[in-house]
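For reference, protein00.cif (mmCIF, C-alpha atoms):
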data_work
loop_
_atom_site.label_atom_id
_atom_site.label_comp_id
_atom_site.auth_asym_id
_atom_site.auth_seq_id
_atom_site.Cartn_x
_atom_site.Cartn_y
_atom_site.Cartn_z
CA MET F 1 0.00 0.00 0.00
CA SER F 2 1.31 3.42 -0.91
CA THR F 3 1.97 5.91 1.86
CA ALA F 4 -0.38 8.72 2.74
CA THR F 5 2.18 11.21 1.38
CA GLU F 6 2.06 9.57 -2.04
CA ASN F 7 -1.74 9.47 -1.94
CA PRO F 8 -2.91 12.91 -0.86
CA MET F 9 -6.47 13.42 0.26
CA VAL F 10 -8.44 14.92 -2.61
CA VAL F 11 -11.98 16.06 -3.34
CA ILE F 12 -13.29 14.04 -6.29
CA LYS F 13 -16.02 15.44 -8.52
CA PRO F 14 -17.50 13.93 -11.69
CA LYS F 15 -15.71 14.88 -14.91
CA ILE F 16 -17.73 13.80 -17.92
CA ARG F 17 -16.27 13.42 -21.40
CA GLY F 18 -18.92 12.44 -23.92
CA PHE F 19 -20.49 9.17 -22.84
CA ILE F 20 -18.04 8.38 -20.05
CA CYS F 21 -17.11 9.82 -16.68
CA ILE F 22 -13.32 9.93 -16.30
CA THR F 23 -13.39 10.13 -12.50
CA SER F 24 -14.92 7.85 -9.90
CA HIS F 25 -15.50 8.13 -6.17
CA PRO F 26 -14.29 5.34 -3.85
CA THR F 27 -16.77 6.01 -1.05
CA GLY F 28 -19.61 6.45 -3.55
CA CYS F 29 -18.79 3.23 -5.39
CA ALA F 30 -18.75 1.35 -2.07
CA ALA F 31 -22.14 2.90 -1.22
CA HIS F 32 -23.52 1.81 -4.61
CA VAL F 33 -22.36 -1.76 -3.98
CA GLN F 34 -23.91 -1.65 -0.49
CA GLU F 35 -27.19 -0.37 -1.94
CA GLN F 36 -27.38 -3.45 -4.17
CA ILE F 37 -26.40 -5.78 -1.33
CA ASP F 38 -29.13 -4.27 0.85
CA TYR F 39 -31.70 -4.91 -1.89
CA ILE F 40 -30.73 -8.59 -2.09
CA LYS F 41 -30.85 -8.94 1.68
CA ARG F 42 -34.46 -7.76 1.57
CA CYS F 43 -35.33 -10.42 -1.03
CA SER F 44 -36.11 -14.05 -0.31
CA PRO F 45 -33.00 -16.26 -0.28
CA ILE F 46 -32.38 -18.18 -3.49
CA GLN F 47 -32.97 -21.89 -2.98
CA ASN F 48 -30.76 -24.49 -4.71
CA ALA F 49 -28.42 -21.64 -5.59
CA PRO F 50 -24.94 -22.19 -7.06
CA THR F 51 -22.26 -22.53 -4.41
CA LYS F 52 -19.09 -21.65 -6.35
CA VAL F 53 -19.39 -18.99 -9.02
CA LEU F 54 -16.98 -17.58 -11.59
CA ILE F 55 -17.97 -14.18 -12.98
CA ILE F 56 -16.07 -13.09 -16.09
CA GLY F 57 -16.62 -9.35 -16.31
CA ALA F 58 -17.48 -8.85 -12.64
CA SER F 59 -16.81 -5.19 -11.90
CA THR F 60 -19.83 -3.22 -13.15
CA GLY F 61 -23.39 -3.54 -14.42
CA TYR F 62 -24.88 -6.98 -14.86
CA GLY F 63 -21.65 -8.79 -13.98
CA LEU F 64 -21.35 -7.03 -10.62
CA ALA F 65 -25.05 -7.63 -9.94
CA SER F 66 -24.55 -11.33 -10.71
CA ARG F 67 -21.78 -11.49 -8.16
CA ILE F 68 -23.84 -9.74 -5.50
CA VAL F 69 -26.87 -11.98 -6.12
CA SER F 70 -24.70 -15.13 -6.02
CA ALA F 71 -22.98 -14.16 -2.79
CA PHE F 72 -25.67 -12.39 -0.79
CA GLY F 73 -28.68 -14.16 -2.29
CA GLY F 74 -27.23 -17.66 -2.30
CA GLN F 75 -24.15 -17.52 -0.02
CA ALA F 76 -21.90 -18.55 -2.92
CA LYS F 77 -18.13 -18.34 -3.02
CA THR F 78 -17.22 -16.04 -5.91
CA LEU F 79 -14.21 -15.44 -8.11
CA GLY F 80 -14.48 -12.21 -10.11
CA ILE F 81 -12.45 -11.32 -13.19
CA TYR F 82 -12.23 -7.81 -14.63
CA PHE F 83 -9.80 -5.40 -16.30
CA GLU F 84 -9.72 -2.14 -14.35
CA LYS F 85 -7.21 0.59 -13.55
CA PRO F 86 -6.10 0.91 -9.91
CA PRO F 87 -5.53 4.35 -8.36
CA GLU F 88 -2.32 6.25 -9.03
CA GLY F 89 -1.39 8.86 -6.46
CA SER F 90 -4.16 11.46 -6.41
CA LYS F 91 -5.74 9.97 -9.55
CA PRO F 92 -8.75 7.79 -8.70
CA ALA F 93 -9.14 4.21 -9.90
CA THR F 94 -11.83 3.23 -12.37
CA ALA F 95 -15.26 2.63 -10.85
CA GLY F 96 -15.01 -1.11 -11.50
CA TRP F 97 -11.82 -1.34 -9.43
CA TYR F 98 -13.52 0.37 -6.48
CA ASN F 99 -16.66 -1.74 -6.91
CA SER F 100 -14.64 -4.96 -6.84
CA GLU F 101 -12.54 -3.96 -3.84
CA ALA F 102 -15.68 -2.89 -1.99
CA PHE F 103 -17.51 -6.09 -2.87
CA ALA F 104 -14.61 -8.28 -1.70
CA LYS F 105 -14.43 -6.46 1.64
CA LYS F 106 -18.18 -6.65 2.21
CA ALA F 107 -18.29 -10.33 1.25
CA GLN F 108 -15.40 -11.24 3.53
CA THR F 109 -16.96 -9.29 6.40
CA ALA F 110 -20.08 -11.42 5.87
CA GLY F 111 -17.96 -14.58 6.02
CA LEU F 112 -18.12 -15.21 2.27
CA TYR F 113 -15.20 -16.25 0.08
CA ALA F 114 -14.39 -13.62 -2.57
CA LYS F 115 -11.29 -13.32 -4.71
CA ASN F 116 -10.52 -10.96 -7.58
CA ILE F 117 -8.32 -11.23 -10.68
CA ASN F 118 -7.54 -7.95 -12.43
CA GLY F 119 -6.39 -8.68 -15.97
CA ASP F 120 -7.35 -9.33 -19.58
CA ALA F 121 -10.00 -12.05 -19.52
CA PHE F 122 -9.41 -12.68 -23.24
CA SER F 123 -5.87 -13.89 -22.50
CA ASP F 124 -4.75 -17.48 -21.90
CA GLU F 125 -2.77 -16.26 -18.87
CA ILE F 126 -5.83 -15.01 -16.99
CA LYS F 127 -7.76 -18.17 -17.86
CA GLN F 128 -4.94 -20.23 -16.40
CA GLN F 129 -4.72 -18.03 -13.31
CA ALA F 130 -8.45 -18.50 -12.70
CA ILE F 131 -8.15 -22.26 -13.15
CA GLU F 132 -5.34 -22.45 -10.59
CA ILE F 133 -7.34 -20.45 -8.01
CA ILE F 134 -10.40 -22.63 -8.59
CA LYS F 135 -8.29 -25.79 -8.17
CA ASP F 136 -6.67 -24.51 -4.98
CA ASP F 137 -9.66 -22.86 -3.31
CA LEU F 138 -12.92 -24.11 -4.79
CA GLY F 139 -12.29 -27.42 -6.52
CA GLN F 140 -14.93 -26.78 -9.17
CA VAL F 141 -17.42 -24.04 -10.12
CA ASP F 142 -21.09 -24.73 -10.75
CA LEU F 143 -22.01 -21.40 -12.38
CA VAL F 144 -20.02 -19.35 -14.91
CA ILE F 145 -21.35 -15.90 -15.76
CA TYR F 146 -19.96 -14.34 -18.94
CA SER F 147 -20.52 -10.57 -18.86
CA LEU F 148 -17.62 -9.00 -20.73
CA ALA F 149 -18.21 -5.63 -22.40
CA SER F 150 -14.96 -4.63 -24.05
CA PRO F 151 -14.49 -2.58 -27.23
CA ARG F 152 -11.33 -4.48 -28.21
CA ARG F 153 -9.79 -7.92 -27.94
CA ILE F 154 -6.32 -9.27 -28.49
CA HIS F 155 -6.79 -12.83 -29.72
CA PRO F 156 -4.88 -15.15 -27.38
CA LYS F 157 -3.65 -17.44 -30.17
CA THR F 158 -2.95 -15.11 -33.10
CA LYS F 159 -2.25 -11.93 -31.06
CA VAL F 160 -4.30 -10.00 -33.62
CA THR F 161 -6.10 -6.98 -32.10
CA TYR F 162 -9.76 -6.63 -33.03
CA ASN F 163 -11.85 -3.49 -32.46
CA SER F 164 -15.63 -3.65 -32.39
CA ALA F 165 -17.77 -1.26 -34.43
CA LEU F 166 -21.18 0.27 -33.74
CA LYS F 167 -22.51 0.35 -37.29
CA PRO F 168 -25.56 -0.61 -39.33
CA ILE F 169 -25.22 -3.11 -42.16
CA GLY F 170 -26.18 -2.52 -45.78
CA SER F 171 -27.14 1.15 -45.69
CA ALA F 172 -26.65 4.28 -43.61
CA PHE F 173 -28.97 4.73 -40.63
CA THR F 174 -30.44 8.08 -39.62
CA ALA F 175 -32.39 8.50 -36.40
CA LYS F 176 -32.84 10.68 -33.36
CA THR F 177 -30.18 10.41 -30.72
CA LEU F 178 -29.35 12.13 -27.46
CA ASP F 179 -26.11 13.98 -26.82
CA THR F 180 -26.13 13.28 -23.10
CA ASP F 181 -23.24 15.69 -22.44
CA LYS F 182 -24.90 18.71 -24.10
CA GLU F 183 -28.47 17.51 -23.44
CA LEU F 184 -29.39 17.85 -27.11
CA VAL F 185 -31.82 15.73 -29.09
CA LYS F 186 -30.53 15.64 -32.66
CA ASP F 187 -30.40 13.46 -35.73
CA ILE F 188 -27.45 11.18 -36.26
CA THR F 189 -26.43 9.36 -39.43
CA ILE F 190 -24.21 6.33 -39.08
CA GLU F 191 -22.51 4.97 -42.17
CA PRO F 192 -22.77 1.20 -42.75
CA GLY F 193 -20.05 -1.16 -41.68
CA ASN F 194 -18.16 -3.39 -44.09
CA GLN F 195 -17.39 -7.08 -43.75
CA GLN F 196 -14.23 -6.29 -41.79
CA ASP F 197 -16.29 -4.33 -39.24
CA ILE F 198 -18.71 -7.24 -38.93
CA ASP F 199 -15.95 -9.84 -38.53
CA ASP F 200 -14.02 -7.73 -36.03
CA THR F 201 -17.11 -7.05 -33.92
CA ILE F 202 -17.93 -10.77 -33.85
CA ALA F 203 -14.32 -11.47 -32.79
CA VAL F 204 -14.68 -9.05 -29.84
CA MET F 205 -18.32 -9.46 -28.78
CA GLY F 206 -19.31 -12.84 -30.16
CA GLY F 207 -19.09 -16.21 -28.46
CA GLU F 208 -15.55 -17.41 -29.24
CA ASP F 209 -14.02 -16.26 -25.95
CA TRP F 210 -16.97 -17.57 -23.91
CA GLU F 211 -16.47 -20.99 -25.52
CA MET F 212 -12.70 -20.78 -24.93
CA TRP F 213 -13.38 -20.19 -21.22
CA ILE F 214 -15.79 -23.12 -20.96
CA ASP F 215 -13.43 -25.41 -22.88
CA ALA F 216 -10.49 -24.41 -20.67
CA LEU F 217 -12.45 -24.89 -17.44
CA ASN F 218 -13.84 -28.22 -18.61
CA GLU F 219 -10.48 -29.58 -19.78
CA ALA F 220 -8.88 -28.54 -16.48
CA GLY F 221 -11.55 -30.45 -14.55
CA VAL F 222 -12.80 -27.38 -12.68
CA LEU F 223 -16.28 -27.23 -14.25
CA ALA F 224 -18.73 -29.19 -12.13
CA GLN F 225 -21.00 -31.87 -13.56
CA GLY F 226 -24.33 -30.24 -14.41
CA ALA F 227 -22.90 -26.71 -14.17
CA THR F 228 -24.67 -23.74 -15.73
CA THR F 229 -23.14 -20.94 -17.79
CA VAL F 230 -24.96 -17.76 -18.80
CA ALA F 231 -23.95 -14.97 -21.18
CA TYR F 232 -25.81 -11.68 -21.28
CA SER F 233 -27.30 -10.03 -24.34
CA TYR F 234 -29.90 -7.51 -25.49
CA ILE F 235 -32.47 -7.28 -28.28
CA GLY F 236 -34.41 -4.07 -27.69
CA PRO F 237 -37.10 -2.29 -29.73
CA LYS F 238 -37.27 -1.93 -33.49
CA VAL F 239 -36.20 1.71 -33.34
CA THR F 240 -32.70 0.56 -32.27
CA TRP F 241 -32.47 -2.50 -34.50
CA PRO F 242 -30.63 -0.90 -37.47
CA VAL F 243 -27.69 0.05 -35.23
CA TYR F 244 -28.09 -2.79 -32.75
CA ARG F 245 -29.87 -6.08 -33.52
CA ASP F 246 -29.50 -5.81 -37.32
CA GLY F 247 -26.11 -4.09 -37.12
CA THR F 248 -22.58 -5.23 -36.43
CA ILE F 249 -23.31 -5.79 -32.72
CA GLY F 250 -26.38 -7.86 -33.60
CA ASN F 251 -24.23 -10.16 -35.71
CA ALA F 252 -21.96 -10.64 -32.69
CA LYS F 253 -24.94 -11.35 -30.45
CA ALA F 254 -26.25 -13.93 -32.95
CA ASP F 255 -22.82 -15.57 -32.75
CA LEU F 256 -23.13 -15.59 -28.95
CA GLU F 257 -26.46 -17.41 -29.24
CA ASN F 258 -24.97 -19.95 -31.66
CA THR F 259 -22.16 -20.50 -29.17
CA ALA F 260 -24.65 -21.41 -26.44
CA ARG F 261 -26.05 -24.11 -28.73
CA ASP F 262 -22.52 -25.34 -29.52
CA ILE F 263 -21.60 -25.58 -25.83
CA ASN F 264 -24.81 -27.47 -25.05
CA THR F 265 -24.16 -29.97 -27.85
CA LYS F 266 -20.50 -30.44 -26.99
CA LEU F 267 -20.99 -30.85 -23.22
CA LYS F 268 -24.37 -32.58 -23.19
CA ASP F 269 -22.85 -35.73 -21.67
CA ARG F 270 -21.68 -33.70 -18.68
CA GLY F 271 -25.07 -32.03 -18.20
CA ILE F 272 -23.62 -28.56 -18.78
CA GLN F 273 -26.29 -26.00 -19.67
CA ALA F 274 -25.38 -22.82 -21.55
CA TYR F 275 -27.92 -20.01 -21.82
CA VAL F 276 -28.08 -16.54 -23.28
CA SER F 277 -30.14 -14.22 -21.09
CA ILE F 278 -31.74 -11.27 -22.87
CA ASN F 279 -31.77 -8.47 -20.31
CA LYS F 280 -33.48 -5.09 -20.07
CA ALA F 281 -32.04 -1.83 -21.43
CA LEU F 282 -30.17 -0.22 -18.55
CA VAL F 283 -27.60 2.49 -18.09
CA THR F 284 -24.20 0.80 -18.20
CA GLN F 285 -20.82 2.01 -19.37
CA ALA F 286 -21.32 -0.08 -22.51
CA SER F 287 -24.88 0.98 -23.35
CA SER F 288 -24.11 4.69 -22.93
CA ALA F 289 -21.85 4.48 -25.99
CA ILE F 290 -24.51 3.18 -28.38
CA PRO F 291 -26.19 5.86 -30.53
CA VAL F 292 -30.00 6.13 -30.16
CA VAL F 293 -30.05 3.90 -27.05
CA PRO F 294 -29.66 6.63 -24.35
CA LEU F 295 -32.64 8.53 -25.81
CA TYR F 296 -34.70 5.34 -25.97
CA MET F 297 -33.76 4.53 -22.36
CA SER F 298 -34.74 8.00 -21.14
CA LEU F 299 -38.21 7.49 -22.65
CA LEU F 300 -38.40 3.87 -21.49
CA TYR F 301 -37.54 4.80 -17.90
CA LYS F 302 -40.39 7.34 -17.87
CA VAL F 303 -42.90 4.77 -19.10
CA MET F 304 -41.73 1.88 -16.92
CA LYS F 305 -41.57 3.99 -13.77
CA GLU F 306 -45.09 5.27 -14.37
CA LYS F 307 -46.27 1.67 -14.75
CA ASN F 308 -44.25 0.60 -11.69
CA LEU F 309 -42.28 -1.87 -13.83
CA HIS F 310 -38.81 -0.32 -13.73
CA GLU F 311 -35.87 -2.51 -12.71
CA GLY F 312 -32.14 -1.92 -12.36
CA CYS F 313 -29.33 -4.43 -12.85
CA ILE F 314 -29.72 -5.93 -9.39
CA GLU F 315 -33.49 -6.45 -9.72
CA GLN F 316 -33.02 -8.00 -13.16
CA ILE F 317 -30.39 -10.48 -12.04
CA TYR F 318 -32.24 -11.42 -8.86
CA ARG F 319 -35.25 -12.24 -11.04
CA LEU F 320 -33.05 -14.22 -13.45
CA PHE F 321 -31.72 -16.34 -10.58
CA ALA F 322 -34.93 -16.62 -8.54
CA GLU F 323 -37.49 -17.06 -11.33
CA GLN F 324 -35.49 -18.77 -14.07
CA LEU F 325 -32.29 -20.54 -13.03
CA TYR F 326 -32.86 -21.65 -9.43
CA ASN F 327 -35.56 -22.07 -6.74
CA ASN F 328 -36.46 -25.38 -8.46
CA HIS F 329 -37.27 -23.51 -11.67
CA LYS F 330 -36.21 -24.51 -15.14
CA PRO F 331 -35.70 -21.55 -17.45
CA THR F 332 -38.58 -20.57 -19.71
CA LEU F 333 -37.03 -20.18 -23.16
CA ASP F 334 -38.24 -18.27 -26.20
CA SER F 335 -38.41 -19.76 -29.70
CA GLU F 336 -34.66 -19.17 -30.13
CA GLY F 337 -33.78 -20.89 -26.86
CA ARG F 338 -33.05 -17.68 -24.94
CA ILE F 339 -34.06 -16.64 -21.41
CA ARG F 340 -36.04 -13.39 -21.52
CA VAL F 341 -35.65 -11.10 -18.53
CA ASP F 342 -36.55 -8.17 -20.80
CA ASP F 343 -40.19 -9.29 -20.67
CA LYS F 344 -41.41 -6.18 -18.82
CA GLU F 345 -39.55 -3.82 -21.16
CA MET F 346 -40.98 -5.56 -24.21
CA GLN F 347 -44.58 -5.63 -22.96
CA GLU F 348 -46.84 -4.35 -25.72
CA ASP F 349 -48.25 -1.49 -23.65
CA VAL F 350 -44.75 -0.32 -22.66
CA GLN F 351 -43.43 -0.38 -26.21
CA LYS F 352 -46.53 1.38 -27.58
CA ALA F 353 -46.15 4.16 -25.03
CA VAL F 354 -42.49 4.65 -26.02
CA GLU F 355 -43.46 4.63 -29.71
CA VAL F 356 -45.93 7.46 -29.05
CA LEU F 357 -43.28 9.56 -27.29
CA TRP F 358 -40.46 8.91 -29.78
CA PRO F 359 -41.57 11.28 -32.59
CA GLN F 360 -42.53 13.96 -30.04
CA VAL F 361 -39.26 14.25 -28.12
CA THR F 362 -37.13 17.35 -28.75
CA THR F 363 -34.35 19.17 -26.91
CA GLU F 364 -36.95 21.57 -25.54
CA ASN F 365 -39.32 18.97 -24.07
CA LEU F 366 -36.74 16.26 -23.26
CA LYS F 367 -37.00 16.69 -19.49
CA GLN F 368 -40.79 16.86 -19.55
CA ILE F 369 -41.63 13.78 -21.61
CA SER F 370 -38.66 11.58 -20.72
CA ASP F 371 -36.85 10.55 -17.55
CA PHE F 372 -33.56 12.05 -18.63
CA GLU F 373 -32.94 13.12 -15.02
CA GLY F 374 -33.27 9.48 -13.98
CA TYR F 375 -30.92 8.45 -16.78
CA LYS F 376 -28.32 10.97 -15.60
CA GLU F 377 -28.68 9.83 -11.99
CA GLU F 378 -28.10 6.20 -12.98
CA PHE F 379 -25.15 7.19 -15.18
CA LEU F 380 -23.44 9.09 -12.34
CA LYS F 381 -24.14 6.25 -9.91
CA LEU F 382 -22.04 3.97 -12.13
CA PHE F 383 -19.05 6.07 -11.11
CA GLY F 384 -20.00 6.45 -7.45
CA PHE F 385 -21.63 9.90 -7.64
CA GLY F 386 -25.04 10.98 -6.33
CA LEU F 387 -25.32 8.31 -3.64
CA PRO F 388 -27.21 9.33 -0.48
CA GLY F 389 -25.12 9.68 2.65
CA VAL F 390 -21.84 10.39 0.85
CA ASP F 391 -20.15 13.77 1.48
CA TYR F 392 -18.80 14.64 -1.96
CA ASP F 393 -17.15 17.81 -0.62
CA ALA F 394 -15.01 15.84 1.82
CA PRO F 395 -11.46 14.90 0.77
CA VAL F 396 -10.86 11.16 0.28
CA ASP F 397 -7.83 8.96 -0.20
CA PRO F 398 -8.13 7.54 -3.77
CA SER F 399 -6.27 4.40 -2.67
CA GLN F 400 -8.82 3.48 -0.02
CA VAL F 401 -12.31 2.02 -0.48
#
Spit out the file's structure as structure tokens when you get a sec.
Amino acid sequence: MSTATENPMVVIKPKIRGFICITSHPTGCAAHVQEQIDYIKRCSPIQNAPTKVLIIGASTGYGLASRIVSAFGGQAKTLGIYFEKPPEGSKPATAGWYNSEAFAKKAQTAGLYAKNINGDAFSDEIKQQAIEIIKDDLGQVDLVIYSLASPRRIHPKTKVTYNSALKPIGSAFTAKTLDTDKELVKDITIEPGNQQDIDDTIAVMGGEDWEMWIDALNEAGVLAQGATTVAYSYIGPKVTWPVYRDGTIGNAKADLENTARDINTKLKDRGIQAYVSINKALVTQASSAIPVVPLYMSLLYKVMKEKNLHEGCIEQIYRLFAEQLYNNHKPTLDSEGRIRVDDKEMQEDVQKAVEVLWPQVTTENLKQISDFEGYKEEFLKLFGFGLPGVDYDAPVDPSQV
């Protein structure tokens, strides 16, 4: 641990650049983790829950929620993998680093096993490191959550670097979007991707790495008989399809779904079940970067809150575990074999209400007909800002959670 002299006490405020906040607050991140833990503690315990869980992409959003639900909803031992920047002097760490440190402390205080690996989950080295920890500490894992959201991947075998692209396919796409920084509703035109964009996005966000993880765990003997693995995905409404479901990302998500089928076929004899869970649109560091989606979410939040249907990451994942995967339930699958936890978002009345608002929304009426304030609150919470009970004017040590 660095000395106090090297880590001066500083006041940390949010600094937003486009769709990302470049600062994060250690006390606020810990409070955000605690808020989610408290929610799970108020829920009914998950029966027949997994006991040893590996979460690949464990530091924010749905991955972090999966870890909290596993540990505090089912008393599971958890190993979390993520790629985050630690603090440097007076410069704060990334939010995911603080989240993971806070989670580990809170889990250990509750008597729960929790270990972290900070490194590139796409690499063979991190896979091997995880396998060794599982062998030494856990024996085998019975649930593997795959929740990576990275814009780039260095292939572990070829060492080729792939960068994902947020592009439509076939023709340019023009639609309303929201400049969240300037609070402007405006039109955006996105030029179509080429085959290279499609292939590279599949290489980053498709199912190859998920399958590599499952293969490595299985071959090392650390994947339990009858284990479950779940990868997270999104479909969303038709207004986002040109840039999402029918775009380069959608091709990668289709590959992810094909991978689930491949894993099930390959490991059928061992009773391994692989699922893709289609989750609700929520403010995450990944979703904030997708054109059109922040505007859609601002309208969606308004509608769902009015109908008392709104859920955050923690509510979504609790429902996934409690109503689909465990508590003596078998998952209800759609025609493509996917679990749908986006069912409330995709209700006909919800989507119709959003469709009515979509053509009406402008910069001038944004805050009246959407829940942009709620969107901003959730966005800042990702980085530990806006949490009740945290004194954001008080100096903090960036090295301490």
Using the chain letters and numbers from the file, which residues does the PyMOL selection byres ((chain F and resi 47) around 10) grab, as number ranges by chain? F: 44-46, 48-50, 73-74, 321-322, 326-329
Enumerate, in order of chain and increasing residue number, the residues of range 14-132 of chain F with an atom no farther than 9 Å from range 150-162 of chain F, each with its shortest atom pair and distance in Å to one decimal, counting only C-alpha atoms, as a Markdown table.
| residue | atom | partner | partner_atom | distance |
| --- | --- | --- | --- | --- |
| F:Asp120 | CA | F:Arg153 | CA | 8.8 |
| F:Phe122 | CA | F:Pro156 | CA | 6.6 |
| F:Ser123 | CA | F:Pro156 | CA | 5.1 |
| F:Asp124 | CA | F:Pro156 | CA | 6.0 |
| F:Glu125 | CA | F:Pro156 | CA | 8.8 |
Could you write out as a compact mmCIF listing (two decimals) with C-alpha atoms, in the frame of the given file the residues that the PyMOL selection byres ((chain F and resi 14-17) around 9) matches in the shown file?
# COMPACT_ATOMS: atom_id res chain seq x y z
CA ILE F 12 -13.29 14.04 -6.29
CA LYS F 13 -16.02 15.44 -8.52
CA GLY F 18 -18.92 12.44 -23.92
CA PHE F 19 -20.49 9.17 -22.84
CA ILE F 20 -18.04 8.38 -20.05
CA CYS F 21 -17.11 9.82 -16.68
CA ILE F 22 -13.32 9.93 -16.30
CA THR F 23 -13.39 10.13 -12.50
CA SER F 24 -14.92 7.85 -9.90
CA HIS F 25 -15.50 8.13 -6.17
CA ASP F 181 -23.24 15.69 -22.44
CA LEU F 380 -23.44 9.09 -12.34
CA PHE F 383 -19.05 6.07 -11.11
CA GLY F 384 -20.00 6.45 -7.45
CA PHE F 385 -21.63 9.90 -7.64
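Distances to Gly221 in chain F were evaluated for F:Lys77, F:Lys381, F:Arg270, F:Lys253 using all atoms listed in the file, and the minimum falls at F:Arg270.
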In Å to one decimal, how far is CA of Asn218 in chain F from CA of Thr265 in chain F? 14.0 Å
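Residue nearest Thr51 in chain F, chosen from F:Ala30, F:Ala224, F:Ala216, F:Met9 and counting all atoms listed in the file: F:Ala224.
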Range 238-323 of chain F residues near range 340-344 of chain F within 6 Å, closest pair each, using only C-alpha atoms, as JSON lines:
{"residue": "F:Ser277", "atom": "CA", "partner": "F:Arg340", "partner_atom": "CA", "distance": 6.0}
{"residue": "F:Ile278", "atom": "CA", "partner": "F:Arg340", "partner_atom": "CA", "distance": 5.0}
{"residue": "F:Asn279", "atom": "CA", "partner": "F:Asp342", "partner_atom": "CA", "distance": 4.8}
{"residue": "F:Lys280", "atom": "CA", "partner": "F:Asp342", "partner_atom": "CA", "distance": 4.4}
Selection above as a file: C-alpha atoms, as an mmCIF file, in the coordinates of the input:
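Dumped to selection26.cif:
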data_model
loop_
_atom_site.group_PDB
_atom_site.id
_atom_site.type_symbol
_atom_site.label_atom_id
_atom_site.label_comp_id
_atom_site.auth_asym_id
_atom_site.auth_seq_id
_atom_site.Cartn_x
_atom_site.Cartn_y
_atom_site.Cartn_z
ATOM 1 C CA SER F 277 -30.140 -14.220 -21.090
ATOM 2 C CA ILE F 278 -31.740 -11.270 -22.870
ATOM 3 C CA ASN F 279 -31.770 -8.470 -20.310
ATOM 4 C CA LYS F 280 -33.480 -5.090 -20.070
#
With distances taken over only C-alpha atoms, which residue among F:Ile40, F:Ala227, F:Ala95, F:Leu138 lies nearest Gly28 in chain F?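 For Gly28 in chain F, the nearest of the candidates is F:Ala95.
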Please write as a PyMOL selection string the full residue list that the PyMOL selection byres ((chain F and resi 237) around 12) yields on this file. chain F and resi 234-236+238-246+280-281+292-293+296-297+300+342-343+345-348+350-352+354-355+358
Measuring atom to atom with all atoms listed in the file, identify which of F:Ala130, F:Ile263, F:Ala203, F:Leu217 is nearest to Asn118 in chain F.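 Of F:Ala130, F:Ile263, F:Ala203, F:Leu217, the one nearest Asn118 in chain F is F:Ala130, counting all atoms listed in the file.
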Rounded to one decimal in Å, what is the spacing between CA of Asn251 in chain F and CA of Ile198 in chain F?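 CA of Ile198 in chain F lies 7.0 Å from CA of Asn251 in chain F.
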Which polymer residues have any atom within 10 Å of an atom of Tyr301 in chain F, counting only C-alpha atoms, with same-chain residues fewer than 6 positions away left out, as a list in words?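 The residues satisfying every condition are Ala281, Leu282, Lys307, Leu309, His310, Glu311, Glu345, Val354, Ser370, Asp371, Phe372, Glu373, Gly374 and Tyr375 of chain F.
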Which residue out of F:Thr180, F:Gln34, F:Thr229, F:Asn264 has the minimum interatomic distance to Lys105 in chain F when all atoms listed in the file are used?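 Between F:Thr180, F:Gln34, F:Thr229, F:Asn264, the residue approaching Lys105 in chain F most closely is F:Gln34.
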Would you please work out which residue, of F:Thr60, F:Asn308, F:Gln75, F:Thr177, is nearest to Thr363 in chain F when using only C-alpha atoms?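 Among F:Thr60, F:Asn308, F:Gln75, F:Thr177, it is F:Thr177 that comes nearest to Thr363 in chain F.
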With only C-alpha atoms counted, which protein, DNA or RNA residues have an atom no more than 9 Å from (-14.2, -12.6, -10.6) in the file frame? Please answer as a ChimeraX atom specification. /F:53-59,67,78-82,100,114-118,130
